[in-house]
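Participant: Provided below: coords.txt, containing compact mmCIF, C-alpha atoms.
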```
# COMPACT_ATOMS: atom_id res chain seq x y z
CA MET J 574 3.52 13.34 14.68
CA ALA J 575 2.30 11.41 17.74
CA SER J 576 -1.39 10.55 17.78
CA PHE J 577 -3.86 11.61 20.50
CA ALA J 578 -5.73 8.29 20.17
CA ILE J 579 -5.01 6.56 23.46
CA GLU J 580 -5.06 3.13 21.83
CA ASP J 581 -2.19 4.29 19.62
CA PHE J 582 -0.42 5.71 22.65
CA VAL J 583 -0.46 2.48 24.71
CA GLY J 584 0.37 0.37 21.64
CA ASN J 585 0.86 -3.38 22.08
CA GLY J 586 2.64 -3.16 25.40
CA SER J 587 1.94 -3.64 29.09
CA LEU J 588 -0.43 -0.66 29.36
CA GLN J 589 -3.08 -2.34 27.22
CA GLY J 590 -4.53 -4.32 30.10
CA LEU J 591 -4.74 -1.15 32.16
CA LEU J 592 -7.12 0.65 29.78
CA PRO J 593 -10.40 -0.22 31.62
CA LYS J 594 -8.97 1.05 34.90
CA LEU J 595 -7.59 4.20 33.28
CA LEU J 596 -11.04 4.93 31.89
CA GLU J 597 -12.67 4.29 35.26
CA GLU J 598 -10.28 6.62 37.06
CA GLY J 599 -10.57 9.44 34.51
CA TRP J 600 -7.22 9.00 32.74
CA ASP J 601 -9.09 8.85 29.46
CA ASP J 602 -7.13 11.09 27.08
CA VAL J 603 -3.45 11.23 26.15
CA PRO J 604 -2.55 14.75 27.39
CA THR J 605 -4.04 13.95 30.81
CA LEU J 606 -2.42 10.50 30.97
CA LYS J 607 1.00 12.04 30.34
CA THR J 608 0.67 14.18 33.49
CA MET J 609 0.48 11.10 35.74
CA ASN J 610 3.02 11.19 38.57
CA ALA J 611 4.45 8.48 40.84
CA ASP J 612 1.64 8.78 43.41
CA ASP J 613 -0.98 8.41 40.70
CA MET J 614 0.76 5.31 39.38
CA ASN J 615 0.90 3.76 42.84
CA GLU J 616 -2.81 4.38 43.39
CA LEU J 617 -3.50 2.40 40.22
CA ASN J 618 -1.18 -0.39 41.46
CA MET J 619 0.88 -0.17 38.29
CA THR J 620 3.77 -2.59 37.96
CA GLN J 621 7.29 -1.29 37.45
CA ARG J 622 7.10 -2.43 33.83
CA GLN J 623 3.93 -0.36 33.32
CA LYS J 624 5.49 2.66 35.00
CA ASP J 625 8.53 2.40 32.75
CA ALA J 626 6.29 1.98 29.70
CA LEU J 627 4.31 5.12 30.52
CA GLU J 628 7.48 7.14 31.05
CA ILE J 629 8.99 5.91 27.78
CA ARG J 630 5.82 6.50 25.77
CA SER J 631 5.28 9.97 27.22
CA TYR J 632 8.86 10.90 26.39
CA LEU J 633 8.54 9.59 22.83
CA HIS J 634 5.15 11.23 22.35
CA ASN J 635 6.63 14.63 23.21
CA ARG J 636 9.24 14.10 20.49
CA ALA J 637 6.98 12.57 17.81
CA LEU J 638 8.89 9.29 17.96
CA MET J 639 6.08 6.91 18.89
CA GLN J 640 7.03 4.50 16.09
CA TYR J 641 9.79 3.23 18.39
CA ALA J 642 7.63 2.84 21.52
CA ASP J 643 6.87 -0.88 21.24
CA THR J 644 10.51 -1.70 20.48
CA PHE J 645 11.81 0.27 23.46
CA GLU J 646 9.23 -1.19 25.80
CA GLU J 647 10.02 -4.75 24.70
CA SER J 648 13.68 -4.16 25.54
CA GLY J 649 12.80 -4.13 29.25
CA LYS J 650 14.95 -1.07 29.83
CA SER J 651 13.85 2.04 31.66
CA LEU J 652 13.98 5.48 30.06
CA PRO J 653 17.18 6.54 31.91
CA GLU J 654 18.87 3.36 30.68
CA LEU J 655 17.77 3.98 27.11
CA LEU J 656 19.06 7.55 27.21
CA LYS J 657 22.51 6.25 28.19
CA LEU J 658 22.79 4.15 25.03
CA THR J 659 25.27 5.19 22.38
CA LYS J 660 24.13 6.49 19.01
CA VAL J 661 25.47 3.32 17.42
CA ASP J 662 23.32 1.12 19.68
CA LEU J 663 20.23 3.24 19.07
CA THR J 664 20.58 2.87 15.30
CA THR J 665 21.82 -0.71 15.02
CA VAL J 666 20.02 -2.43 17.92
CA TYR J 667 16.78 -0.44 18.07
CA GLY J 668 16.55 0.71 14.48
CA ILE J 669 16.26 4.44 15.15
CA LYS J 670 16.89 6.49 12.03
CA ARG J 671 20.00 8.60 12.26
CA GLY J 672 17.97 11.75 11.83
CA HIS J 673 15.84 10.80 14.85
CA VAL J 674 18.68 10.07 17.27
CA ALA J 675 19.27 13.76 18.07
CA ARG J 676 15.56 14.26 18.72
CA PHE J 677 15.50 11.24 21.04
CA THR J 678 18.52 12.37 23.06
CA ASP J 679 17.32 15.99 23.30
CA ARG J 680 16.11 16.39 26.89
CA THR J 681 15.12 20.05 26.61
CA THR J 682 11.56 19.35 25.46
CA THR J 683 9.16 20.17 28.29
CA SER J 684 7.01 17.26 29.42
CA ALA J 685 3.26 17.56 29.92
CA ARG J 686 3.73 16.88 33.62
CA ASP J 687 6.28 19.68 33.98
CA THR J 688 4.11 22.09 32.01
CA LEU J 689 1.05 21.35 34.12
CA SER J 690 3.08 21.68 37.32
CA GLU J 691 4.33 25.08 36.16
CA ALA J 692 0.77 26.14 35.42
CA TYR J 693 -0.44 25.18 38.89
CA ASN J 694 2.54 26.89 40.51
CA LEU J 695 1.88 30.02 38.46
CA GLN J 696 -1.74 30.10 39.59
CA ALA J 697 -0.78 29.51 43.22
CA SER J 698 1.76 32.33 43.18
CA ARG J 699 -0.83 34.66 41.68
CA ARG J 700 -3.41 33.78 44.31
CA THR J 701 -1.00 34.55 47.14
CA ALA J 702 0.40 37.74 45.63
CA SER J 703 -0.69 41.15 46.82
CA ARG J 704 -3.93 42.32 45.24
CA ASN J 705 -2.12 45.47 44.15
CA GLU J 706 0.26 43.35 42.05
CA SER J 707 -1.61 42.32 38.93
CA LEU J 708 -0.83 40.26 35.85
CA TYR J 709 -0.31 43.07 33.39
CA GLU J 710 0.49 46.71 33.01
CA ASP J 711 -2.26 48.84 31.49
CA ILE J 712 -3.02 47.33 28.11
CA SER J 713 -2.36 50.69 26.51
CA ALA J 714 1.30 50.16 27.36
CA VAL J 715 1.36 47.25 24.94
CA THR J 716 0.78 49.55 21.98
CA THR J 717 3.82 51.66 22.82
CA ARG J 718 6.01 48.59 23.30
CA LYS J 719 4.90 46.45 20.39
CA GLN J 720 7.70 47.63 18.09
CA SER J 721 10.33 46.35 20.52
CA MET J 722 8.88 42.84 20.56
CA THR J 723 9.91 41.86 17.02
CA ARG J 724 12.32 38.95 16.86
CA SER J 725 14.36 37.09 14.31
CA LEU J 726 12.70 34.28 12.34
CA GLY J 727 15.68 32.05 12.99
CA ARG J 728 15.13 31.64 16.71
CA THR J 729 14.08 28.29 18.12
CA ASN J 730 10.63 27.53 19.52
CA THR J 731 12.07 27.43 23.03
CA ALA J 732 13.54 30.91 22.74
CA TYR J 733 10.28 32.05 21.19
CA ASP J 734 8.20 30.83 24.15
CA VAL J 735 10.61 32.19 26.78
CA SER J 736 10.73 35.61 25.15
CA LEU J 737 6.96 35.74 24.90
CA GLU J 738 6.50 34.72 28.52
CA GLN J 739 8.89 37.45 29.62
CA SER J 740 7.05 40.00 27.49
CA MET J 741 3.64 38.97 28.81
CA ALA J 742 4.90 39.15 32.39
CA ASP J 743 5.62 42.83 31.81
CA PHE J 744 1.99 43.68 31.05
CA LYS J 745 -0.37 44.47 33.91
CA ILE J 746 -4.04 45.08 34.37
CA LYS J 747 -4.70 46.95 37.56
CA ASP J 748 -7.07 45.58 40.18
CA GLY J 749 -10.68 46.10 39.18
CA HIS J 750 -9.83 46.80 35.56
CA VAL J 751 -12.50 45.57 33.14
CA PHE J 752 -10.78 43.28 30.68
CA LYS J 753 -10.66 44.47 27.08
CA GLY J 754 -10.37 42.34 23.98
CA ILE J 755 -7.09 42.03 22.13
CA VAL J 756 -6.43 41.61 18.43
CA ALA J 757 -3.11 39.88 17.76
CA SER J 758 -1.19 38.83 14.67
CA MET J 759 2.37 38.18 13.64
CA PRO J 760 4.20 40.90 11.74
CA ASP J 761 4.27 40.96 7.97
CA GLU J 762 6.20 43.00 5.46
CA PRO J 763 6.19 43.62 1.71
CA ARG J 764 7.37 40.59 -0.24
CA ALA J 765 9.21 40.06 -3.52
CA CYS J 766 11.12 43.36 -3.31
CA GLY J 767 7.94 45.27 -2.54
CA CYS J 768 5.92 43.88 -5.46
CA VAL J 769 3.61 42.04 -3.04
CA GLN J 770 2.26 44.11 -0.18
CA ALA J 771 1.82 42.91 3.38
CA THR J 772 -1.47 41.27 4.23
CA PRO J 773 -3.87 43.82 5.78
CA VAL J 774 -5.58 42.80 9.02
CA ILE J 775 -8.34 44.39 11.05
CA GLU J 776 -7.44 46.37 14.14
CA ASN J 777 -10.55 45.74 16.24
CA VAL J 778 -11.84 42.64 17.95
CA ALA J 779 -14.92 41.29 16.20
CA PRO J 780 -18.18 42.27 17.90
CA TYR J 781 -19.72 39.48 19.93
CA SER J 782 -22.87 39.73 17.81
CA SER J 783 -20.87 38.51 14.79
CA ILE J 784 -20.24 35.07 16.34
CA GLU J 785 -22.98 34.35 18.87
CA ASN J 786 -25.59 33.21 16.33
CA ILE J 787 -23.27 31.28 14.01
CA SER J 788 -24.75 27.90 13.07
CA VAL J 789 -22.25 25.08 13.66
CA GLN J 790 -22.48 21.32 13.42
CA LYS J 791 -20.54 18.87 15.58
CA LEU J 792 -18.42 16.51 13.48
CA THR J 793 -16.59 14.77 16.34
CA PRO J 794 -16.95 14.54 20.12
CA GLU J 795 -14.10 15.04 22.55
CA TYR J 796 -11.97 11.94 22.23
CA LYS J 797 -12.04 9.40 25.05
CA ILE J 798 -10.90 5.79 25.36
CA GLY J 799 -12.88 3.31 23.30
CA MET J 800 -15.27 5.72 21.59
CA GLU J 801 -16.25 5.79 17.95
CA ARG J 802 -13.83 7.79 15.82
CA LEU J 803 -16.56 9.99 14.29
CA VAL J 804 -20.09 11.11 15.08
CA LYS J 805 -22.02 8.48 13.12
CA SER J 806 -25.43 10.09 13.12
CA LYS J 807 -25.69 13.56 11.62
CA THR J 808 -26.00 16.02 14.48
CA PRO J 809 -28.40 18.95 14.14
CA PRO J 810 -26.93 22.45 13.79
CA MET J 811 -26.56 24.47 16.97
CA LYS J 812 -25.91 28.07 17.91
CA ALA J 813 -22.27 28.79 18.57
CA SER J 814 -23.18 30.63 21.77
CA GLU J 815 -24.19 27.26 23.27
CA LEU J 816 -20.52 26.27 23.23
CA TRP J 817 -19.44 28.88 25.79
CA ARG J 818 -22.71 29.32 27.65
CA ASP J 819 -21.30 27.87 30.89
CA LYS J 820 -17.52 27.92 30.40
CA PRO J 821 -15.05 30.05 28.43
CA ALA J 822 -13.80 28.52 25.20
CA VAL J 823 -10.82 28.57 22.88
CA ILE J 824 -11.98 28.35 19.26
CA LEU J 825 -9.26 27.29 16.81
CA CYS J 826 -10.22 28.06 13.20
CA ILE J 827 -8.37 25.62 10.94
CA ARG J 828 -7.45 26.74 7.43
CA ARG J 829 -7.25 23.19 6.09
CA PRO J 830 -7.09 19.98 8.20
CA GLY J 831 -4.61 18.33 5.81
CA CYS J 832 -2.20 21.29 5.93
CA ILE J 833 1.08 20.45 7.65
CA MET J 834 1.15 23.79 9.51
CA CYS J 835 -2.50 23.55 10.62
CA ARG J 836 -1.96 20.03 11.92
CA ALA J 837 1.15 21.06 13.83
CA GLU J 838 -0.65 24.04 15.39
CA ALA J 839 -3.64 21.92 16.43
CA HIS J 840 -1.41 19.20 17.90
CA GLN J 841 0.69 21.63 19.92
CA LEU J 842 -2.38 23.41 21.29
CA TYR J 843 -4.27 20.23 22.24
CA ALA J 844 -1.13 18.85 23.91
CA LYS J 845 -1.67 21.60 26.51
CA LYS J 846 -5.19 20.33 27.32
CA PRO J 847 -4.41 19.63 31.02
CA ILE J 848 -3.55 23.30 31.48
CA PHE J 849 -6.78 24.44 29.82
CA ASP J 850 -8.68 21.92 31.96
CA ALA J 851 -7.08 23.39 35.09
CA LEU J 852 -8.14 26.86 33.96
CA GLY J 853 -11.69 25.73 33.19
CA ILE J 854 -11.37 26.45 29.45
CA GLN J 855 -12.92 24.34 26.70
CA LEU J 856 -11.20 23.59 23.39
CA PHE J 857 -12.93 23.50 20.00
CA ALA J 858 -11.59 23.27 16.44
CA VAL J 859 -13.59 24.71 13.54
CA LEU J 860 -13.46 23.64 9.87
CA HIS J 861 -14.99 25.47 6.92
CA GLU J 862 -15.15 22.32 4.76
CA GLN J 863 -16.69 18.96 5.57
CA ILE J 864 -14.61 16.26 3.89
CA GLU J 865 -15.11 13.10 5.92
CA ALA J 866 -11.79 11.50 4.96
CA GLU J 867 -9.97 14.67 6.03
CA VAL J 868 -11.78 14.78 9.37
CA LYS J 869 -10.82 11.13 9.98
CA ASP J 870 -7.17 11.89 9.27
CA PHE J 871 -7.24 14.95 11.51
CA TRP J 872 -9.12 13.58 14.54
CA PRO J 873 -7.96 12.31 16.98
CA ARG J 874 -4.43 12.03 15.60
CA TYR J 875 -3.73 15.76 15.55
CA TRP J 876 -6.66 17.06 17.61
CA GLY J 877 -8.53 15.12 20.28
CA GLY J 878 -11.17 17.73 21.06
CA VAL J 879 -14.53 18.55 19.53
CA VAL J 880 -14.43 19.42 15.82
CA LEU J 881 -17.15 21.72 14.43
CA PHE J 882 -18.26 22.57 10.92
CA ASP J 883 -18.90 26.22 10.09
CA ARG J 884 -20.66 25.89 6.74
CA SER J 885 -21.17 29.63 6.26
CA MET J 886 -17.57 30.46 7.30
CA GLU J 887 -18.84 33.10 9.73
CA PHE J 888 -16.00 32.55 12.22
CA TYR J 889 -13.54 33.12 9.38
CA LYS J 890 -15.39 36.19 8.15
CA SER J 891 -15.35 37.70 11.65
CA LEU J 892 -11.58 37.31 11.75
CA GLY J 893 -11.41 39.38 8.57
CA GLY J 894 -13.82 42.08 9.69
CA GLY J 895 -16.72 40.69 7.64
CA ASN J 896 -14.85 39.03 4.79
CA VAL J 897 -12.69 35.93 4.76
CA LEU J 898 -8.96 36.59 4.64
CA LYS J 899 -7.35 34.86 1.67
CA ASP J 900 -3.91 34.64 0.15
CA LYS J 901 -2.53 32.91 -2.93
CA PHE J 902 0.03 30.12 -2.76
CA ILE J 903 2.69 31.99 -4.73
CA SER J 904 2.34 35.40 -3.06
CA GLY J 905 1.34 34.11 0.38
CA PHE J 906 3.79 31.24 0.66
CA LEU J 907 6.57 31.11 -1.93
CA PHE J 908 7.30 34.84 -1.65
CA ASN J 909 6.75 34.97 2.13
CA PRO J 910 9.80 34.07 4.28
CA ARG J 911 7.65 33.93 7.42
CA ALA J 912 5.31 31.36 5.89
CA ILE J 913 8.29 29.30 4.73
CA ALA J 914 9.76 29.43 8.24
CA ASN J 915 6.41 28.28 9.63
CA TYR J 916 6.41 25.38 7.17
CA LYS J 917 9.92 24.34 8.20
CA ARG J 918 8.90 24.45 11.86
CA ALA J 919 5.99 22.08 11.20
CA LYS J 920 8.11 19.84 8.97
CA SER J 921 10.70 19.43 11.72
CA MET J 922 7.99 18.06 13.99
CA GLY J 923 7.39 15.07 11.72
CA VAL J 924 3.92 16.10 10.59
CA GLU J 925 2.43 14.44 7.52
CA GLN J 926 0.38 16.43 5.02
CA ASN J 927 -1.86 16.26 1.99
CA PHE J 928 -3.19 18.84 -0.45
CA ARG J 929 -6.90 18.06 -0.42
CA GLY J 930 -9.38 20.83 0.17
CA GLU J 931 -9.38 24.64 0.03
CA GLY J 932 -6.25 26.10 1.59
CA GLU J 933 -6.28 29.83 0.85
CA ILE J 934 -8.84 30.92 3.47
CA LYS J 935 -6.91 31.94 6.55
CA GLY J 936 -7.83 30.88 10.04
CA GLY J 937 -7.01 32.05 13.53
CA LEU J 938 -8.06 31.68 17.12
CA TYR J 939 -10.67 33.17 19.47
CA ILE J 940 -10.89 33.13 23.23
CA VAL J 941 -14.51 33.72 24.20
CA GLY J 942 -15.69 34.44 27.72
CA ARG J 943 -18.53 32.61 29.44
CA GLY J 944 -22.08 33.56 28.52
CA LYS J 945 -22.33 36.90 26.76
CA SER J 946 -19.14 38.35 28.20
CA GLY J 947 -17.63 38.66 24.71
CA ILE J 948 -14.47 37.97 22.77
CA ALA J 949 -11.44 38.42 25.00
CA TYR J 950 -8.85 37.70 22.34
CA GLN J 951 -8.58 36.89 18.67
CA PHE J 952 -5.51 35.91 16.73
CA ILE J 953 -5.35 36.28 12.95
CA GLU J 954 -3.32 33.96 10.74
CA ARG J 955 -1.70 36.79 8.84
CA ASN J 956 0.98 34.56 7.32
CA PHE J 957 0.29 30.95 6.42
CA GLY J 958 1.10 28.85 9.49
CA ASP J 959 1.13 31.62 12.12
CA TRP J 960 0.19 30.35 15.60
CA ALA J 961 -1.27 32.24 18.50
CA PRO J 962 1.56 32.33 21.09
CA HIS J 963 0.71 29.84 23.84
CA ALA J 964 2.04 31.99 26.66
CA GLU J 965 -0.24 34.79 25.54
CA VAL J 966 -3.24 32.45 25.25
CA PHE J 967 -2.67 31.13 28.78
CA GLU J 968 -2.46 34.63 30.20
CA ILE J 969 -5.79 35.60 28.66
CA CYS J 970 -7.40 32.35 29.81
CA HIS J 971 -6.18 32.93 33.35
CA GLN J 972 -7.70 36.40 33.30
CA LEU J 973 -11.03 34.89 32.25
CA GLN J 974 -10.88 32.32 35.02
CA ASN J 975 -11.68 34.91 37.68
CA PRO J 976 -13.11 37.92 35.84
CA ARG J 977 -13.62 41.03 37.96
CA GLY J 978 -15.63 42.94 35.38
CA SER J 979 -19.23 42.10 34.57
CA GLN J 980 -18.72 42.32 30.81
CA LEU J 981 -15.90 42.70 28.32
CA GLU J 982 -15.68 46.19 26.92
CA LEU J 983 -15.32 47.05 23.28
CA PRO J 984 -11.71 46.23 22.44
CA GLN J 985 -8.69 48.41 22.44
CA SER J 986 -6.90 47.41 19.27
CA ILE J 987 -3.55 45.80 19.73
CA GLN J 988 -1.56 44.29 16.93
CA GLN J 989 0.86 42.13 18.88
CA ARG J 990 4.33 42.33 17.43
CA ASP J 991 6.28 39.17 17.99
```
Just dump the structure as structure tokens.
Facilitator:
Amino acid sequence: MASFAIEDFVGNGSLQGLLPKLLEEGWDDVPTLKTMNADDMNELNMTQRQKDALEIRSYLHNRALMQYADTFEESGKSLPELLKLTKVDLTTVYGIKRGHVARFTDRTTTSARDTLSEAYNLQASRRTASRNESLYEDISAVTTRKQSMTRSLGRTNTAYDVSLEQSMADFKIKDGHVFKGIVASMPDEPRACGCVQATPVIENVAPYSSIENISVQKLTPEYKIGMERLVKSKTPPMKASELWRDKPAVILCIRRPGCIMCRAEAHQLYAKKPIFDALGIQLFAVLHEQIEAEVKDFWPRYWGGVVLFDRSMEFYKSLGGGNVLKDKFISGFLFNPRAIANYKRAKSMGVEQNFRGEGEIKGGLYIVGRGKSGIAYQFIERNFGDWAPHAEVFEICHQLQNPRGSQLELPQSIQQRD
């Protein structure tokens, strides 16, 4: 899995000498750097070799193939030239493993630049649309349609995202509607021929009072070029409400930072940082254990944002309606085809893993509005490795960007079927 440390991203190539200027101009994290276009490169007076290097490294980073970046850059070839090489040349001349060749030649993976461009275009089209045309149908319509949104486990991630985007586009909130919180989770069903029952989940968004006074401690800052890898001095605890006092926030509750599925989820979410930046949304990851070696392995390789420690596990308890949600390895993973599919998805992304720490306490994700406006959305990790759908997260974040209501109402329960 490609690291979010920018020093790892630029490697030993021609971009190294450009680091001070990148920092000065605000290109100081990997997701943002990958959105650089030709005009941006020209403003920095980048040489053709540096432009080619950035294109190659961005392409490889999207495909978790950064181990080949220095070799490709040293070849002096551009990305289009490299993509024209035969499979034999890629394996014999450049040393690409046979299992990685297909991933390298797959051009369907969306680049960060394309994703950000789509996000800006989406916002622009919404701003110019008629005020009577809104983003969603009445949220109550979701409840009646949720059964039709189930899909096969065998579908690819691309099909998954497209289907979700189409589904979300069908929902509308009328002009002036006060936004209501949403509870979402993946479906679950009895396992082992009915001997193991589906994991129960709450049907109501946690009350804001359950999270506003949580005591958290900052373990890492947001990663930037040249900074220390960890907060050296012990930071004092702070109220969680300070995190979203001025800006909305996405809070990702990690089950275990060494877990292959948790790492993959964190990496995929943080890779979308430029979109969250454009929407004015902050990103935070929360851990319920403080194991320094695990934090070092997790940040900034898999997550470049702020990492927080929730000693009392209050964020996790709120996801479970007051109690942490737990599942055993045998019943929750070995007997659960959805969890196994989630594991295979993470494994295919080249994520490393370890088995240190507590891994039975389930996590999830919150989207919290600015100030005391409340919890707009919470996603529960019902099956090990479930992710909050990105298209859904972006839709909620966009709604929070220009809220029309003064305060979020008590939630209408929605268990999102996917």
Participant: Got a sec: who's within 9 Å of Ser576 in chain J, counting all atoms listed in the file, leaving out chain neighbours fewer than 4 positions off, as a tab-separated table (two decimals) with C-alpha atoms, in the coordinates of the input?
Facilitator:
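Saved as result39.tsv:
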```tsv
chain	number	residue	atom	x	y	z
J	581	ASP	CA	-2.19	4.29	19.62
J	582	PHE	CA	-0.42	5.71	22.65
J	603	VAL	CA	-3.45	11.23	26.15
J	634	HIS	CA	5.15	11.23	22.35
J	637	ALA	CA	6.98	12.57	17.81
J	639	MET	CA	6.08	6.91	18.89
J	840	HIS	CA	-1.41	19.20	17.90
J	872	TRP	CA	-9.12	13.58	14.54
J	873	PRO	CA	-7.96	12.31	16.98
J	874	ARG	CA	-4.43	12.03	15.60
J	875	TYR	CA	-3.73	15.76	15.55
J	876	TRP	CA	-6.66	17.06	17.61
J	877	GLY	CA	-8.53	15.12	20.28
```
Participant: Env of Val859 in chain J: 8 Å cut, atoms = all atoms listed in the file, seq-sep filter 4 positions within chain, self excluded. Answer as a list in words.
Facilitator: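 My list of contacting residues is Ile824, Leu825, Cys826, Ile827, Val880, Leu881, Phe882 and Asp883 of chain J.
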Participant: Which distance in Å separates CA of Ala675 in chain J and CA of Leu633 in chain J, to one decimal?
Facilitator: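 Calculated distance between CA of Ala675 in chain J and CA of Leu633 in chain J is 12.5 Å.
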Participant: Given the choices J:Ala912, J:Val879, J:Ile903, J:Val823, which gets closest to Phe952 in chain J if the distance is worked out from all atoms listed in the file?
Facilitator: J:Val823
Participant: When distances are computed from only C-alpha atoms, which of J:Glu887, J:Phe645, J:Lys899, J:His861 shows the smallest separation from Ile669 in chain J?
Facilitator: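 For Ile669 in chain J, the nearest of the given residues is J:Phe645.
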Participant: Find the residues with any atom within 12 Å of (21.2, 5.9, 24.9); use all atoms listed in the file and the coordinates as given in the file, and write the answer as an MDAnalysis selection string.
Facilitator: chainID J and resid 645 650:667 669 674:680
Participant: Using all atoms listed in the file, which protein or nucleic acid residues come within 9 Å of Ile953 in chain J? Drop anything in the same chain fewer than 3 positions from it, and give the result as a PDB file with C-alpha atoms, in the coordinates of the input.
Facilitator:
```
ATOM      1  CA  VAL J 756      -6.430  41.610  18.430  1.00  0.00           C
ATOM      2  CA  ALA J 757      -3.110  39.880  17.760  1.00  0.00           C
ATOM      3  CA  SER J 758      -1.190  38.830  14.670  1.00  0.00           C
ATOM      4  CA  MET J 759       2.370  38.180  13.640  1.00  0.00           C
ATOM      5  CA  VAL J 774      -5.580  42.800   9.020  1.00  0.00           C
ATOM      6  CA  ILE J 775      -8.340  44.390  11.050  1.00  0.00           C
ATOM      7  CA  LEU J 892     -11.580  37.310  11.750  1.00  0.00           C
ATOM      8  CA  GLY J 893     -11.410  39.380   8.570  1.00  0.00           C
ATOM      9  CA  LYS J 935      -6.910  31.940   6.550  1.00  0.00           C
ATOM     10  CA  GLY J 936      -7.830  30.880  10.040  1.00  0.00           C
ATOM     11  CA  GLY J 937      -7.010  32.050  13.530  1.00  0.00           C
ATOM     12  CA  LEU J 938      -8.060  31.680  17.120  1.00  0.00           C
ATOM     13  CA  TYR J 939     -10.670  33.170  19.470  1.00  0.00           C
ATOM     14  CA  ASN J 956       0.980  34.560   7.320  1.00  0.00           C
ATOM     15  CA  ASP J 959       1.130  31.620  12.120  1.00  0.00           C
ATOM     16  CA  TRP J 960       0.190  30.350  15.600  1.00  0.00           C
ATOM     17  CA  ALA J 961      -1.270  32.240  18.500  1.00  0.00           C
TER      18      ALA J 961
END
```
Participant: Can you list, as a ChimeraX atom specification, every protein, DNA or RNA residue that comes within 7 Å of range 604-616 of chain J when you count only C-alpha atoms, leaving out same-chain residues fewer than 3 positions away?
Facilitator: /J:600,619,624,631,685-686,844-847
Participant: Just give me the gap between CA of Lys890 in chain J and CA of Ser783 in chain J in Å, one decimal is fine.
Facilitator: 8.9 Å
Participant: For a test of reading the model, state the distance in Å between CA of Thr808 in chain J and CA of Gln841 in chain J, rounded to one decimal.
Facilitator: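 Between CA of Thr808 in chain J and CA of Gln841 in chain J the gap works out to 27.8 Å.
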Participant: Just add all heavy atoms to range 867-871 of chain J and send it as an mmCIF file, keeping the file's coordinate frame.
Facilitator:
```cif
data_model
loop_
_atom_site.group_PDB
_atom_site.id
_atom_site.type_symbol
_atom_site.label_atom_id
_atom_site.label_comp_id
_atom_site.auth_asym_id
_atom_site.auth_seq_id
_atom_site.Cartn_x
_atom_site.Cartn_y
_atom_site.Cartn_z
ATOM 1 N N GLU J 867 -10.900 13.721 5.422
ATOM 2 C CA GLU J 867 -9.970 14.670 6.030
ATOM 3 C C GLU J 867 -10.201 14.773 7.535
ATOM 4 O O GLU J 867 -9.264 14.896 8.316
ATOM 5 C CB GLU J 867 -10.129 16.045 5.384
ATOM 6 C CG GLU J 867 -9.615 16.116 3.958
ATOM 7 C CD GLU J 867 -8.145 15.758 3.880
ATOM 8 O OE1 GLU J 867 -7.307 16.562 4.319
ATOM 9 O OE2 GLU J 867 -7.845 14.641 3.410
ATOM 10 N N VAL J 868 -11.470 14.740 7.938
ATOM 11 C CA VAL J 868 -11.780 14.780 9.370
ATOM 12 C C VAL J 868 -11.223 13.536 10.053
ATOM 13 O O VAL J 868 -10.654 13.611 11.144
ATOM 14 C CB VAL J 868 -13.296 14.896 9.596
ATOM 15 C CG1 VAL J 868 -13.602 14.909 11.091
ATOM 16 C CG2 VAL J 868 -13.842 16.166 8.949
ATOM 17 N N LYS J 869 -11.348 12.380 9.411
ATOM 18 C CA LYS J 869 -10.820 11.130 9.980
ATOM 19 C C LYS J 869 -9.312 11.176 10.143
ATOM 20 O O LYS J 869 -8.765 10.654 11.117
ATOM 21 C CB LYS J 869 -11.215 9.953 9.086
ATOM 22 C CG LYS J 869 -12.669 9.533 9.199
ATOM 23 C CD LYS J 869 -12.946 8.324 8.319
ATOM 24 C CE LYS J 869 -14.382 7.845 8.480
ATOM 25 N NZ LYS J 869 -14.683 6.681 7.609
ATOM 26 N N ASP J 870 -8.633 11.778 9.172
ATOM 27 C CA ASP J 870 -7.170 11.890 9.270
ATOM 28 C C ASP J 870 -6.749 12.885 10.345
ATOM 29 O O ASP J 870 -5.675 12.748 10.941
ATOM 30 C CB ASP J 870 -6.593 12.335 7.917
ATOM 31 C CG ASP J 870 -6.617 11.235 6.870
ATOM 32 O OD1 ASP J 870 -6.838 10.065 7.255
ATOM 33 O OD2 ASP J 870 -6.440 11.536 5.683
ATOM 34 N N PHE J 871 -7.572 13.872 10.572
ATOM 35 C CA PHE J 871 -7.240 14.950 11.510
ATOM 36 C C PHE J 871 -7.541 14.585 12.952
ATOM 37 O O PHE J 871 -6.794 14.939 13.868
ATOM 38 C CB PHE J 871 -8.025 16.204 11.096
ATOM 39 C CG PHE J 871 -7.767 17.421 11.927
ATOM 40 C CD1 PHE J 871 -6.547 18.082 11.883
ATOM 41 C CD2 PHE J 871 -8.759 17.924 12.765
ATOM 42 C CE1 PHE J 871 -6.309 19.217 12.655
ATOM 43 C CE2 PHE J 871 -8.527 19.054 13.539
ATOM 44 C CZ PHE J 871 -7.304 19.705 13.479
#
```
